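What's in protein.pdb: PDB, C-alpha atoms, pLDDT in the B column
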```pdb
ATOM      1  CA  MET M   1       7.104 -33.376  11.901  1.00 35.00           C
ATOM      2  CA  ASN M   2       4.715 -36.250  11.278  1.00 39.00           C
ATOM      3  CA  SER M   3       3.960 -38.114  14.509  1.00 46.00           C
ATOM      4  CA  PHE M   4       3.246 -41.323  12.599  1.00 45.00           C
ATOM      5  CA  PRO M   5       6.186 -42.177  10.275  1.00 44.00           C
ATOM      6  CA  GLU M   6       5.074 -43.890   7.054  1.00 47.00           C
ATOM      7  CA  GLN M   7       7.043 -47.096   7.505  1.00 41.00           C
ATOM      8  CA  THR M   8       8.250 -47.171  11.100  1.00 40.00           C
ATOM      9  CA  LYS M   9       5.928 -48.343  13.874  1.00 52.00           C
ATOM     10  CA  ILE M  10       7.093 -46.992  17.219  1.00 48.00           C
ATOM     11  CA  PRO M  11       5.030 -47.892  20.309  1.00 58.00           C
ATOM     12  CA  ASN M  12       3.331 -44.767  21.545  1.00 82.00           C
ATOM     13  CA  PRO M  13       2.402 -44.432  25.233  1.00 88.00           C
ATOM     14  CA  ALA M  14      -0.630 -42.371  24.243  1.00 91.00           C
ATOM     15  CA  PHE M  15      -2.301 -45.573  23.067  1.00 94.00           C
ATOM     16  CA  ASP M  16      -1.660 -47.274  26.403  1.00 93.00           C
ATOM     17  CA  GLU M  17      -3.536 -44.362  27.955  1.00 95.00           C
ATOM     18  CA  LEU M  18      -6.303 -44.814  25.373  1.00 96.00           C
ATOM     19  CA  ALA M  19      -6.673 -48.431  26.475  1.00 96.00           C
ATOM     20  CA  GLU M  20      -6.914 -47.414  30.133  1.00 97.00           C
ATOM     21  CA  ARG M  21      -9.486 -44.685  29.514  1.00 97.00           C
ATOM     22  CA  SER M  22     -11.516 -46.891  27.167  1.00 97.00           C
ATOM     23  CA  LYS M  23     -11.743 -49.543  29.878  1.00 97.00           C
ATOM     24  CA  LEU M  24     -13.327 -46.950  32.169  1.00 97.00           C
ATOM     25  CA  LEU M  25     -15.923 -46.398  29.428  1.00 96.00           C
ATOM     26  CA  GLY M  26     -16.676 -50.124  29.400  1.00 96.00           C
ATOM     27  CA  VAL M  27     -14.600 -51.046  26.342  1.00 97.00           C
ATOM     28  CA  GLU M  28     -11.685 -53.488  26.595  1.00 96.00           C
ATOM     29  CA  LEU M  29      -9.146 -52.756  23.849  1.00 96.00           C
ATOM     30  CA  HIS M  30      -6.918 -55.776  23.352  1.00 94.00           C
ATOM     31  CA  ALA M  31      -3.555 -55.659  21.570  1.00 94.00           C
ATOM     32  CA  ALA M  32      -4.941 -56.352  18.087  1.00 94.00           C
ATOM     33  CA  ALA M  33      -7.563 -53.614  18.415  1.00 95.00           C
ATOM     34  CA  LEU M  34      -5.007 -51.096  19.652  1.00 95.00           C
ATOM     35  CA  GLU M  35      -2.693 -51.964  16.774  1.00 95.00           C
ATOM     36  CA  GLN M  36      -5.513 -51.442  14.287  1.00 95.00           C
ATOM     37  CA  ILE M  37      -6.476 -48.106  15.851  1.00 96.00           C
ATOM     38  CA  GLU M  38      -2.865 -46.957  15.753  1.00 95.00           C
ATOM     39  CA  SER M  39      -2.603 -48.021  12.099  1.00 95.00           C
ATOM     40  CA  TYR M  40      -5.727 -46.002  11.328  1.00 97.00           C
ATOM     41  CA  CYS M  41      -4.314 -42.951  13.111  1.00 96.00           C
ATOM     42  CA  ARG M  42      -1.091 -43.299  11.160  1.00 96.00           C
ATOM     43  CA  LEU M  43      -3.037 -43.428   7.889  1.00 97.00           C
ATOM     44  CA  LEU M  44      -4.980 -40.334   8.918  1.00 97.00           C
ATOM     45  CA  ALA M  45      -1.861 -38.398   9.923  1.00 96.00           C
ATOM     46  CA  ASN M  46      -0.128 -39.200   6.640  1.00 96.00           C
ATOM     47  CA  TYR M  47      -3.195 -38.248   4.577  1.00 96.00           C
ATOM     48  CA  ASN M  48      -3.786 -35.132   6.657  1.00 96.00           C
ATOM     49  CA  ALA M  49      -0.262 -33.946   5.888  1.00 95.00           C
ATOM     50  CA  HIS M  50      -1.315 -33.188   2.297  1.00 95.00           C
ATOM     51  CA  THR M  51      -5.139 -33.085   2.477  1.00 95.00           C
ATOM     52  CA  ASN M  52      -6.704 -31.411   5.490  1.00 94.00           C
ATOM     53  CA  LEU M  53      -9.281 -33.620   7.225  1.00 96.00           C
ATOM     54  CA  VAL M  54      -8.749 -32.684  10.883  1.00 95.00           C
ATOM     55  CA  SER M  55      -7.121 -29.630  12.432  1.00 94.00           C
ATOM     56  CA  LYS M  56      -4.445 -31.695  14.215  1.00 94.00           C
ATOM     57  CA  ALA M  57      -3.575 -35.355  13.713  1.00 94.00           C
ATOM     58  CA  ASP M  58      -1.096 -36.021  16.514  1.00 94.00           C
ATOM     59  CA  PRO M  59      -1.936 -39.008  18.756  1.00 93.00           C
ATOM     60  CA  LYS M  60      -2.911 -37.006  21.842  1.00 94.00           C
ATOM     61  CA  THR M  61      -5.333 -34.777  19.925  1.00 95.00           C
ATOM     62  CA  LEU M  62      -6.907 -37.681  18.046  1.00 96.00           C
ATOM     63  CA  ILE M  63      -7.440 -39.580  21.291  1.00 96.00           C
ATOM     64  CA  ASN M  64      -8.830 -36.650  23.279  1.00 95.00           C
ATOM     65  CA  ASP M  65     -10.924 -35.014  20.572  1.00 95.00           C
ATOM     66  CA  HIS M  66     -12.105 -37.939  18.450  1.00 96.00           C
ATOM     67  CA  LEU M  67     -11.291 -41.499  19.486  1.00 97.00           C
ATOM     68  CA  LEU M  68     -12.733 -41.556  22.996  1.00 97.00           C
ATOM     69  CA  ASP M  69     -15.979 -39.926  21.820  1.00 96.00           C
ATOM     70  CA  SER M  70     -16.304 -42.645  19.202  1.00 97.00           C
ATOM     71  CA  ILE M  71     -15.412 -45.507  21.530  1.00 98.00           C
ATOM     72  CA  ALA M  72     -17.975 -44.295  24.088  1.00 97.00           C
ATOM     73  CA  LEU M  73     -20.734 -45.334  21.655  1.00 97.00           C
ATOM     74  CA  LEU M  74     -19.780 -49.014  21.655  1.00 97.00           C
ATOM     75  CA  PRO M  75     -21.414 -50.133  24.930  1.00 96.00           C
ATOM     76  CA  LEU M  76     -24.564 -48.188  24.042  1.00 95.00           C
ATOM     77  CA  ILE M  77     -24.866 -49.809  20.611  1.00 96.00           C
ATOM     78  CA  GLY M  78     -24.086 -53.203  22.113  1.00 94.00           C
ATOM     79  CA  LYS M  79     -26.810 -52.851  24.719  1.00 92.00           C
ATOM     80  CA  ALA M  80     -29.352 -51.731  22.116  1.00 92.00           C
ATOM     81  CA  MET M  81     -28.482 -54.749  19.972  1.00 91.00           C
ATOM     82  CA  ALA M  82     -28.925 -57.071  22.944  1.00 88.00           C
ATOM     83  CA  ASP M  83     -32.246 -55.539  23.986  1.00 81.00           C
ATOM     84  CA  LYS M  84     -33.893 -55.434  20.556  1.00 74.00           C
ATOM     85  CA  THR M  85     -33.911 -57.411  17.328  1.00 67.00           C
ATOM     86  CA  VAL M  86     -32.076 -55.201  14.848  1.00 71.00           C
ATOM     87  CA  ASN M  87     -30.350 -55.884  11.562  1.00 73.00           C
ATOM     88  CA  GLY M  88     -26.862 -54.746  12.542  1.00 89.00           C
ATOM     89  CA  GLN M  89     -26.693 -52.010   9.891  1.00 95.00           C
ATOM     90  CA  LEU M  90     -25.285 -48.594  10.866  1.00 97.00           C
ATOM     91  CA  ILE M  91     -25.077 -45.460   8.733  1.00 98.00           C
ATOM     92  CA  ASP M  92     -22.724 -42.634   9.681  1.00 98.00           C
ATOM     93  CA  ILE M  93     -23.664 -39.297   8.126  1.00 97.00           C
ATOM     94  CA  GLY M  94     -20.927 -36.704   7.632  1.00 96.00           C
ATOM     95  CA  SER M  95     -18.239 -39.289   8.372  1.00 97.00           C
ATOM     96  CA  GLY M  96     -15.400 -36.862   7.669  1.00 96.00           C
ATOM     97  CA  ALA M  97     -12.174 -38.517   8.783  1.00 97.00           C
ATOM     98  CA  GLY M  98     -14.085 -41.535  10.097  1.00 97.00           C
ATOM     99  CA  PHE M  99     -15.371 -40.497  13.516  1.00 97.00           C
ATOM    100  CA  PRO M 100     -17.305 -42.310  14.813  1.00 97.00           C
ATOM    101  CA  GLY M 101     -18.168 -44.624  11.903  1.00 97.00           C
ATOM    102  CA  ILE M 102     -14.865 -46.242  11.066  1.00 97.00           C
ATOM    103  CA  ILE M 103     -13.935 -46.649  14.739  1.00 97.00           C
ATOM    104  CA  VAL M 104     -17.252 -48.365  15.465  1.00 97.00           C
ATOM    105  CA  ALA M 105     -16.712 -50.594  12.421  1.00 97.00           C
ATOM    106  CA  MET M 106     -13.230 -51.604  13.563  1.00 96.00           C
ATOM    107  CA  LEU M 107     -14.318 -52.479  17.087  1.00 97.00           C
ATOM    108  CA  MET M 108     -17.757 -54.007  16.417  1.00 96.00           C
ATOM    109  CA  PRO M 109     -17.322 -56.702  13.742  1.00 94.00           C
ATOM    110  CA  GLN M 110     -20.985 -57.703  14.145  1.00 93.00           C
ATOM    111  CA  LEU M 111     -22.012 -54.442  12.451  1.00 95.00           C
ATOM    112  CA  SER M 112     -22.093 -53.467   8.792  1.00 96.00           C
ATOM    113  CA  VAL M 113     -21.313 -49.768   8.450  1.00 98.00           C
ATOM    114  CA  LYS M 114     -22.099 -47.291   5.691  1.00 98.00           C
ATOM    115  CA  LEU M 115     -19.867 -44.196   5.740  1.00 98.00           C
ATOM    116  CA  VAL M 116     -21.408 -41.173   4.024  1.00 98.00           C
ATOM    117  CA  ASP M 117     -19.874 -37.806   3.234  1.00 97.00           C
ATOM    118  CA  SER M 118     -20.553 -35.278   0.491  1.00 97.00           C
ATOM    119  CA  ILE M 119     -16.878 -34.302   0.094  1.00 97.00           C
ATOM    120  CA  GLY M 120     -14.778 -36.453  -2.180  1.00 97.00           C
ATOM    121  CA  LYS M 121     -11.425 -35.919  -0.450  1.00 96.00           C
ATOM    122  CA  LYS M 122     -12.953 -37.331   2.714  1.00 97.00           C
ATOM    123  CA  THR M 123     -14.597 -40.358   1.119  1.00 97.00           C
ATOM    124  CA  ARG M 124     -11.377 -41.137  -0.773  1.00 97.00           C
ATOM    125  CA  PHE M 125      -9.556 -41.316   2.548  1.00 97.00           C
ATOM    126  CA  LEU M 126     -12.313 -43.422   4.106  1.00 98.00           C
ATOM    127  CA  ALA M 127     -12.229 -45.902   1.230  1.00 97.00           C
ATOM    128  CA  GLN M 128      -8.438 -46.115   1.425  1.00 96.00           C
ATOM    129  CA  ALA M 129      -8.532 -46.637   5.196  1.00 97.00           C
ATOM    130  CA  ALA M 130     -11.237 -49.305   5.004  1.00 97.00           C
ATOM    131  CA  SER M 131      -9.190 -51.165   2.399  1.00 96.00           C
ATOM    132  CA  GLU M 132      -5.841 -50.919   4.194  1.00 96.00           C
ATOM    133  CA  LEU M 133      -7.392 -51.885   7.533  1.00 95.00           C
ATOM    134  CA  GLN M 134      -8.963 -54.916   5.824  1.00 94.00           C
ATOM    135  CA  LEU M 135     -12.463 -54.119   6.984  1.00 94.00           C
ATOM    136  CA  GLY M 136     -13.763 -56.074   4.013  1.00 81.00           C
ATOM    137  CA  ASP M 137     -17.396 -56.091   2.954  1.00 87.00           C
ATOM    138  CA  ARG M 138     -18.582 -54.785   6.345  1.00 94.00           C
ATOM    139  CA  VAL M 139     -17.707 -51.193   5.468  1.00 97.00           C
ATOM    140  CA  SER M 140     -18.797 -49.293   2.383  1.00 97.00           C
ATOM    141  CA  VAL M 141     -18.257 -45.650   1.517  1.00 98.00           C
ATOM    142  CA  VAL M 142     -20.722 -43.370  -0.261  1.00 98.00           C
ATOM    143  CA  THR M 143     -20.068 -39.895  -1.636  1.00 98.00           C
ATOM    144  CA  GLY M 144     -23.444 -38.224  -1.337  1.00 97.00           C
ATOM    145  CA  ARG M 145     -25.817 -36.041   0.641  1.00 97.00           C
ATOM    146  CA  ALA M 146     -28.087 -37.443   3.325  1.00 97.00           C
ATOM    147  CA  GLU M 147     -31.071 -35.379   2.173  1.00 97.00           C
ATOM    148  CA  GLU M 148     -30.865 -37.179  -1.183  1.00 97.00           C
ATOM    149  CA  LEU M 149     -30.093 -40.643   0.166  1.00 98.00           C
ATOM    150  CA  GLY M 150     -33.134 -40.339   2.416  1.00 98.00           C
ATOM    151  CA  HIS M 151     -35.339 -40.587  -0.700  1.00 97.00           C
ATOM    152  CA  ASP M 152     -33.353 -43.442  -2.267  1.00 97.00           C
ATOM    153  CA  ARG M 153     -35.132 -46.778  -1.775  1.00 96.00           C
ATOM    154  CA  ASN M 154     -31.754 -48.471  -1.307  1.00 96.00           C
ATOM    155  CA  PHE M 155     -31.154 -46.354   1.787  1.00 98.00           C
ATOM    156  CA  ARG M 156     -34.494 -45.161   3.136  1.00 98.00           C
ATOM    157  CA  GLU M 157     -35.636 -46.969   6.309  1.00 97.00           C
ATOM    158  CA  SER M 158     -32.860 -49.541   5.925  1.00 96.00           C
ATOM    159  CA  PHE M 159     -30.650 -49.058   9.003  1.00 97.00           C
ATOM    160  CA  SER M 160     -30.842 -49.981  12.674  1.00 96.00           C
ATOM    161  CA  PHE M 161     -28.469 -47.256  13.836  1.00 97.00           C
ATOM    162  CA  ALA M 162     -27.501 -43.802  12.635  1.00 98.00           C
ATOM    163  CA  THR M 163     -24.744 -41.498  13.816  1.00 98.00           C
ATOM    164  CA  ALA M 164     -23.929 -37.962  12.711  1.00 95.00           C
ATOM    165  CA  ARG M 165     -21.162 -36.405  14.770  1.00 92.00           C
ATOM    166  CA  ALA M 166     -20.742 -32.634  14.534  1.00 82.00           C
ATOM    167  CA  VAL M 167     -23.233 -32.305  11.659  1.00 91.00           C
ATOM    168  CA  GLY M 168     -25.484 -29.682  13.223  1.00 92.00           C
ATOM    169  CA  ALA M 169     -28.316 -28.971  15.641  1.00 94.00           C
ATOM    170  CA  LEU M 170     -30.459 -31.872  16.798  1.00 96.00           C
ATOM    171  CA  HIS M 171     -33.494 -30.979  14.656  1.00 96.00           C
ATOM    172  CA  LEU M 172     -31.261 -30.975  11.556  1.00 96.00           C
ATOM    173  CA  VAL M 173     -29.545 -34.241  12.473  1.00 97.00           C
ATOM    174  CA  ALA M 174     -32.959 -35.805  13.098  1.00 97.00           C
ATOM    175  CA  GLU M 175     -34.291 -34.778   9.690  1.00 97.00           C
ATOM    176  CA  LEU M 176     -31.185 -36.067   7.915  1.00 98.00           C
ATOM    177  CA  THR M 177     -30.999 -39.422   9.682  1.00 98.00           C
ATOM    178  CA  LEU M 178     -34.459 -40.564  10.821  1.00 98.00           C
ATOM    179  CA  PRO M 179     -35.726 -41.205   7.264  1.00 98.00           C
ATOM    180  CA  LEU M 180     -32.817 -43.646   6.898  1.00 98.00           C
ATOM    181  CA  LEU M 181     -33.744 -45.685   9.981  1.00 98.00           C
ATOM    182  CA  SER M 182     -36.083 -48.649  10.010  1.00 96.00           C
ATOM    183  CA  VAL M 183     -38.866 -48.638  12.598  1.00 96.00           C
ATOM    184  CA  GLY M 184     -37.283 -49.699  15.879  1.00 94.00           C
ATOM    185  CA  GLY M 185     -33.925 -48.212  14.921  1.00 95.00           C
ATOM    186  CA  PHE M 186     -31.962 -45.615  16.853  1.00 96.00           C
ATOM    187  CA  LEU M 187     -30.290 -42.298  16.156  1.00 98.00           C
ATOM    188  CA  LEU M 188     -27.362 -41.840  18.533  1.00 97.00           C
ATOM    189  CA  ALA M 189     -26.811 -38.087  18.628  1.00 97.00           C
ATOM    190  CA  GLN M 190     -23.551 -37.036  20.281  1.00 96.00           C
ATOM    191  CA  LYS M 191     -23.862 -33.704  22.063  1.00 96.00           C
ATOM    192  CA  SER M 192     -22.357 -31.687  24.851  1.00 95.00           C
ATOM    193  CA  LEU M 193     -24.651 -31.520  27.870  1.00 95.00           C
ATOM    194  CA  LYS M 194     -25.151 -27.807  27.217  1.00 94.00           C
ATOM    195  CA  GLN M 195     -26.141 -28.470  23.592  1.00 94.00           C
ATOM    196  CA  ALA M 196     -28.482 -31.285  24.569  1.00 95.00           C
ATOM    197  CA  ASN M 197     -30.284 -29.210  27.172  1.00 92.00           C
ATOM    198  CA  GLY M 198     -31.051 -26.474  24.667  1.00 93.00           C
ATOM    199  CA  GLU M 199     -31.587 -28.523  21.519  1.00 95.00           C
ATOM    200  CA  LEU M 200     -33.903 -31.108  23.066  1.00 94.00           C
ATOM    201  CA  LYS M 201     -36.368 -28.373  23.993  1.00 91.00           C
ATOM    202  CA  GLU M 202     -36.511 -26.937  20.487  1.00 93.00           C
ATOM    203  CA  SER M 203     -36.419 -30.272  18.624  1.00 95.00           C
ATOM    204  CA  GLY M 204     -39.315 -32.133  20.246  1.00 93.00           C
ATOM    205  CA  SER M 205     -41.880 -31.369  17.562  1.00 94.00           C
ATOM    206  CA  ALA M 206     -39.401 -32.168  14.775  1.00 96.00           C
ATOM    207  CA  ILE M 207     -38.580 -35.567  16.255  1.00 97.00           C
ATOM    208  CA  SER M 208     -42.277 -36.370  16.636  1.00 97.00           C
ATOM    209  CA  THR M 209     -43.082 -35.228  13.091  1.00 97.00           C
ATOM    210  CA  LEU M 210     -40.326 -37.473  11.743  1.00 98.00           C
ATOM    211  CA  GLY M 211     -41.793 -40.531  13.486  1.00 98.00           C
ATOM    212  CA  ALA M 212     -39.572 -40.865  16.537  1.00 98.00           C
ATOM    213  CA  VAL M 213     -39.276 -40.267  20.277  1.00 98.00           C
ATOM    214  CA  VAL M 214     -36.402 -39.466  22.611  1.00 97.00           C
ATOM    215  CA  SER M 215     -35.956 -42.696  24.551  1.00 95.00           C
ATOM    216  CA  GLN M 216     -33.082 -41.651  26.832  1.00 95.00           C
ATOM    217  CA  VAL M 217     -30.166 -39.298  27.298  1.00 97.00           C
ATOM    218  CA  VAL M 218     -27.009 -41.076  28.445  1.00 97.00           C
ATOM    219  CA  THR M 219     -24.485 -38.870  30.239  1.00 97.00           C
ATOM    220  CA  LEU M 220     -20.915 -39.992  29.594  1.00 96.00           C
ATOM    221  CA  ASP M 221     -18.027 -40.017  32.055  1.00 96.00           C
ATOM    222  CA  ALA M 222     -16.735 -36.432  31.995  1.00 96.00           C
ATOM    223  CA  GLU M 223     -13.547 -37.324  33.840  1.00 96.00           C
ATOM    224  CA  VAL M 224     -12.604 -39.917  31.217  1.00 96.00           C
ATOM    225  CA  LEU M 225     -13.591 -37.811  28.215  1.00 96.00           C
ATOM    226  CA  GLY M 226     -12.316 -34.522  29.575  1.00 94.00           C
ATOM    227  CA  ARG M 227     -15.620 -32.809  28.742  1.00 94.00           C
ATOM    228  CA  GLU M 228     -19.312 -33.026  29.592  1.00 96.00           C
ATOM    229  CA  HIS M 229     -20.847 -35.024  26.766  1.00 96.00           C
ATOM    230  CA  CYS M 230     -23.907 -37.184  26.340  1.00 97.00           C
ATOM    231  CA  VAL M 231     -25.624 -39.376  23.760  1.00 97.00           C
ATOM    232  CA  VAL M 232     -29.256 -38.635  22.916  1.00 97.00           C
ATOM    233  CA  PHE M 233     -31.037 -41.872  21.983  1.00 96.00           C
ATOM    234  CA  ILE M 234     -33.875 -41.228  19.550  1.00 97.00           C
ATOM    235  CA  GLU M 235     -35.985 -44.271  18.645  1.00 97.00           C
ATOM    236  CA  LYS M 236     -37.861 -44.546  15.347  1.00 97.00           C
ATOM    237  CA  THR M 237     -41.402 -45.627  16.251  1.00 97.00           C
ATOM    238  CA  LYS M 238     -43.228 -45.223  12.922  1.00 97.00           C
ATOM    239  CA  PRO M 239     -42.388 -44.537   9.269  1.00 98.00           C
ATOM    240  CA  THR M 240     -41.181 -41.033   8.445  1.00 98.00           C
ATOM    241  CA  PRO M 241     -43.578 -39.075   6.186  1.00 97.00           C
ATOM    242  CA  ARG M 242     -42.448 -39.205   2.557  1.00 97.00           C
ATOM    243  CA  ASP M 243     -41.894 -35.420   2.415  1.00 97.00           C
ATOM    244  CA  TYR M 244     -38.807 -35.783   4.628  1.00 97.00           C
ATOM    245  CA  PRO M 245     -35.943 -35.133   4.416  1.00 98.00           C
ATOM    246  CA  ARG M 246     -36.439 -31.844   2.628  1.00 97.00           C
ATOM    247  CA  SER M 247     -33.824 -30.102   0.483  1.00 96.00           C
ATOM    248  CA  ALA M 248     -30.883 -28.453   2.209  1.00 94.00           C
ATOM    249  CA  ALA M 249     -32.240 -25.040   1.216  1.00 96.00           C
ATOM    250  CA  ARG M 250     -35.638 -25.729   2.798  1.00 96.00           C
ATOM    251  CA  MET M 251     -34.117 -27.141   5.959  1.00 96.00           C
ATOM    252  CA  LYS M 252     -32.087 -23.982   6.328  1.00 92.00           C
ATOM    253  CA  LYS M 253     -34.955 -21.621   5.481  1.00 95.00           C
ATOM    254  CA  GLU M 254     -37.676 -23.480   7.422  1.00 95.00           C
ATOM    255  CA  PRO M 255     -36.036 -25.452  10.269  1.00 93.00           C
ATOM    256  CA  LEU M 256     -38.262 -27.955  12.093  1.00 92.00           C
ATOM    257  CA  VAL M 257     -38.285 -26.109  15.406  1.00 85.00           C
TER
END
```
Give the structure from the file, written as structure tokens.
Amino acid sequence: MNSFPEQTKIPNPAFDELAERSKLLGVELHAAALEQIESYCRLLANYNAHTNLVSKADPKTLINDHLLDSIALLPLIGKAMADKTVNGQLIDIGSGAGFPGIIVAMLMPQLSVKLVDSIGKKTRFLAQAASELQLGDRVSVVTGRAEELGHDRNFRESFSFATARAVGALHLVAELTLPLLSVGGFLLAQKSLKQANGELKESGSAISTLGAVVSQVVTLDAEVLGREHCVVFIEKTKPTPRDYPRSAARMKKEPLV
């Protein structure tokens, strides 16, 4: 049975819990924001009933597995924007059902967000959600591959922030996203602590080759998230060589490790 009826809006205590846990992450979700998040989750559940985007779309699963991870990025992006002069443009690679890109867009109106996915059924949902949530001109959706967009002058070195949740190992995420960042921009790579410990060691040369450095690793509140996660901040310090990103086949055959 669908947990989010198409027409009926029933207050769900799970979203009160989301507000409480988000506050512990440093994000105050007021009534309007909670209503918008719940509307988004309802849209996702209804779409997911006929077109699979996530394994489970009930409120508890969405909150625990997707929403809190996305919301945890907000204070980090906000601090980076306060500390540095950036253009307020974020690109989310492999947006899927909209985590974290559409959540960041909803809760940070000062950002313009580009949602990118190579799969049409996902970008159709993202475009529908952006329209129905009235996110206006701040959110645009692109059906395409990051390794191609990285060579497009309309995208290359144009963004202050990049996210790519659950896309792959850090060296792969770096090659897909760093060409899209302007110098001074940040890749915010979401990883488990175990992943970060292993992938940072093998990705150092790749990150350097692509014109960036690891500036910090922020450990998130495991009690709030229910898991040990962190955000690896990678800062673009110089232009990425024109050869990157390479084709998907070359990245797979010759990983930058």
| field | Selection: 8 Å around Gln89 of chain M, only C-alpha atoms, excl. self and same-chain fewer than 4 positions, as a list in words | value |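 The residues satisfying every condition are Leu111, Ser112, Val113, Lys114, Ser158, Phe159, Ser160 and Phe161 of chain M.
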Please evaluate the PyMOL selection byres ((chain M and resi 184) around 7) against the structure above and give the resulting residues as a PDB file with C-alpha atoms, in the frame of the given file.
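Result file follows (part.pdb):
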```pdb
ATOM      1  CA  SER M 182     -36.083 -48.649  10.010  1.00 96.00           C
ATOM      2  CA  VAL M 183     -38.866 -48.638  12.598  1.00 96.00           C
ATOM      3  CA  GLY M 185     -33.925 -48.212  14.921  1.00 95.00           C
ATOM      4  CA  PHE M 186     -31.962 -45.615  16.853  1.00 96.00           C
ATOM      5  CA  GLU M 235     -35.985 -44.271  18.645  1.00 97.00           C
ATOM      6  CA  LYS M 236     -37.861 -44.546  15.347  1.00 97.00           C
ATOM      7  CA  THR M 237     -41.402 -45.627  16.251  1.00 97.00           C
TER       8      THR M 237
END
```
| said: Residue by residue, what does the PyMOL selection byres ((chain M and resi 138) around 8) grab here? Present the result as a PyMOL selection string. | reply: chain M and resi 105+109+111-113+135-137+139-140
Axis-aligned box for all listed atoms of segment 99-117 of chain M, 8 Å per side, centre and edges in Å to one decimal, as JSON:
```
{"center_x": -17.7, "center_y": -47.8, "center_z": 10.2, "size_x": 24.9, "size_y": 35.9, "size_z": 29.9}
```
| said: Can you spell out as a PyMOL selection string the set of residues that the PyMOL selection byres ((chain M and resi 115) around 7) selects in the structure I just provided? | reply: chain M and resi 91-93+95+101+113-114+116-117+140-142
| request: Give me the residues within 7 Å of Leu225 of chain M as a list in words, counting only C-alpha atoms and dropping any in the same chain fewer than 2 places off. | output: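 In the requested form, the answer reads Asn64, Leu68, Asp221, Ala222, Glu223 and Arg227 of chain M.
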May I have the residues from that selection written out with C-alpha atoms, as a PDB file, keeping the file's coordinate frame?
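Generated file (selection-v1.pdb):
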```
ATOM      1  CA  ASN M  64      -8.830 -36.650  23.279  1.00 95.00           C
ATOM      2  CA  LEU M  68     -12.733 -41.556  22.996  1.00 97.00           C
ATOM      3  CA  ASP M 221     -18.027 -40.017  32.055  1.00 96.00           C
ATOM      4  CA  ALA M 222     -16.735 -36.432  31.995  1.00 96.00           C
ATOM      5  CA  GLU M 223     -13.547 -37.324  33.840  1.00 96.00           C
ATOM      6  CA  ARG M 227     -15.620 -32.809  28.742  1.00 94.00           C
TER       7      ARG M 227
END
```
| query | What separation in Å, quoted to one decimal, exists between atom CA of Arg145 of chain M and atom CA of Pro245 of chain M? | reply | 10.8 Å
| said: Calculated over all atoms listed in the file, which of the candidates M:Val232, M:Leu170, M:Leu133, M:Ile77 has the smallest distance to Arg42 of chain M? | reply: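 Of M:Val232, M:Leu170, M:Leu133, M:Ile77, the one nearest Arg42 of chain M, counting all atoms listed in the file, is M:Leu133.
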| message | Need to verify the contact set: Gly168 of chain M, 12 Å, all atoms listed in the file, exclusion of same-chain residues closer than 6 positions in sequence. Can you return it as number ranges by chain? | response | M: 93-94, 174-177, 189-191, 195-196, 199, 251-252, 255
Within 9 Å of segment 45-57 of chain M: each segment 86-158 of chain M residue with its shortest pair, all atoms listed in the file, as a Markdown table:
```
| residue | atom | partner | partner_atom | distance |
| --- | --- | --- | --- | --- |
| M:Gly96 | CA | M:Leu53 | CA | 6.9 |
| M:Ala97 | CA | M:Leu53 | CA | 5.9 |
| M:Lys121 | CA | M:Thr51 | CA | 7.5 |
| M:Lys122 | CA | M:Leu53 | CA | 6.9 |
| M:Phe125 | CA | M:Tyr47 | CA | 7.3 |
```
Emit the selected residues as a CSV table (one decimal), in the frame of the given file, including C-alpha atoms.
```
chain,number,residue,atom,x,y,z
M,96,GLY,CA,-15.4,-36.9,7.7
M,97,ALA,CA,-12.2,-38.5,8.8
M,121,LYS,CA,-11.4,-35.9,-0.4
M,122,LYS,CA,-13.0,-37.3,2.7
M,125,PHE,CA,-9.6,-41.3,2.5
```
Can you tell me which residues surround Val173 of chain M at a distance of at most 9 Å, considering only C-alpha atoms, apart from same-chain residues fewer than 6 positions away, and format the answer as a short mmCIF file (atom, residue, chain, number, x, y, z; two decimals) with C-alpha atoms, in the frame of the given file?
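What ended up in around.cif:
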```cif
data_model
loop_
_atom_site.label_atom_id
_atom_site.label_comp_id
_atom_site.auth_asym_id
_atom_site.auth_seq_id
_atom_site.Cartn_x
_atom_site.Cartn_y
_atom_site.Cartn_z
CA ILE M 93 -23.66 -39.30 8.13
CA THR M 163 -24.74 -41.50 13.82
CA ALA M 164 -23.93 -37.96 12.71
CA ARG M 165 -21.16 -36.40 14.77
CA VAL M 167 -23.23 -32.30 11.66
CA LEU M 187 -30.29 -42.30 16.16
CA ALA M 189 -26.81 -38.09 18.63
#
```
| task | Compare M:Val218, M:Ala80, M:Val257, M:Val224 by their minimum atom-to-atom distance to Ser22 of chain M, counting only C-alpha atoms, and give me the closest one. | result |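 Of M:Val218, M:Ala80, M:Val257, M:Val224, the one nearest Ser22 of chain M, counting only C-alpha atoms, is M:Val224.
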| request: Select, from M:Tyr244, M:Leu62, M:Glu202, M:Lys23, the residue with the minimum atom-to-atom distance to Cys41 of chain M, counting all atoms listed in the file. | output: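 For Cys41 of chain M, the nearest of the candidates is M:Leu62.
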| Which is closer to Thr143 of chain M than all the others in M:Leu256, M:Ala127, M:Val104, M:Leu43, using all atoms listed in the file? |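 Result for the nearest residue to Thr143 of chain M: M:Ala127.
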| Just how far from atom CA of Leu29 of chain M is atom CA of Ser215 of chain M, in Å to one decimal? | 28.6 Å
| field | Which of M:Leu172, M:Pro59, M:Leu44, M:Gly150 sits closest to Leu18 of chain M [using only C-alpha atoms] | value |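 Once distances to Leu18 of chain M are computed over only C-alpha atoms, the minimum belongs to M:Pro59.
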| message | Under the rule that all atoms listed in the file are counted, which of M:Leu76, M:Pro179, M:Ala169, M:Leu34 is the nearest residue to Asn154 of chain M? | response |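 So, comparing all the options, the nearest one is M:Pro179.
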| task | Have a look at atom CA of Met108 of chain M and atom CA of Lys79 of chain M and let me know their distance in Å, one decimal. | result |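 Going from atom CA of Met108 of chain M over to atom CA of Lys79 of chain M covers 12.3 Å.
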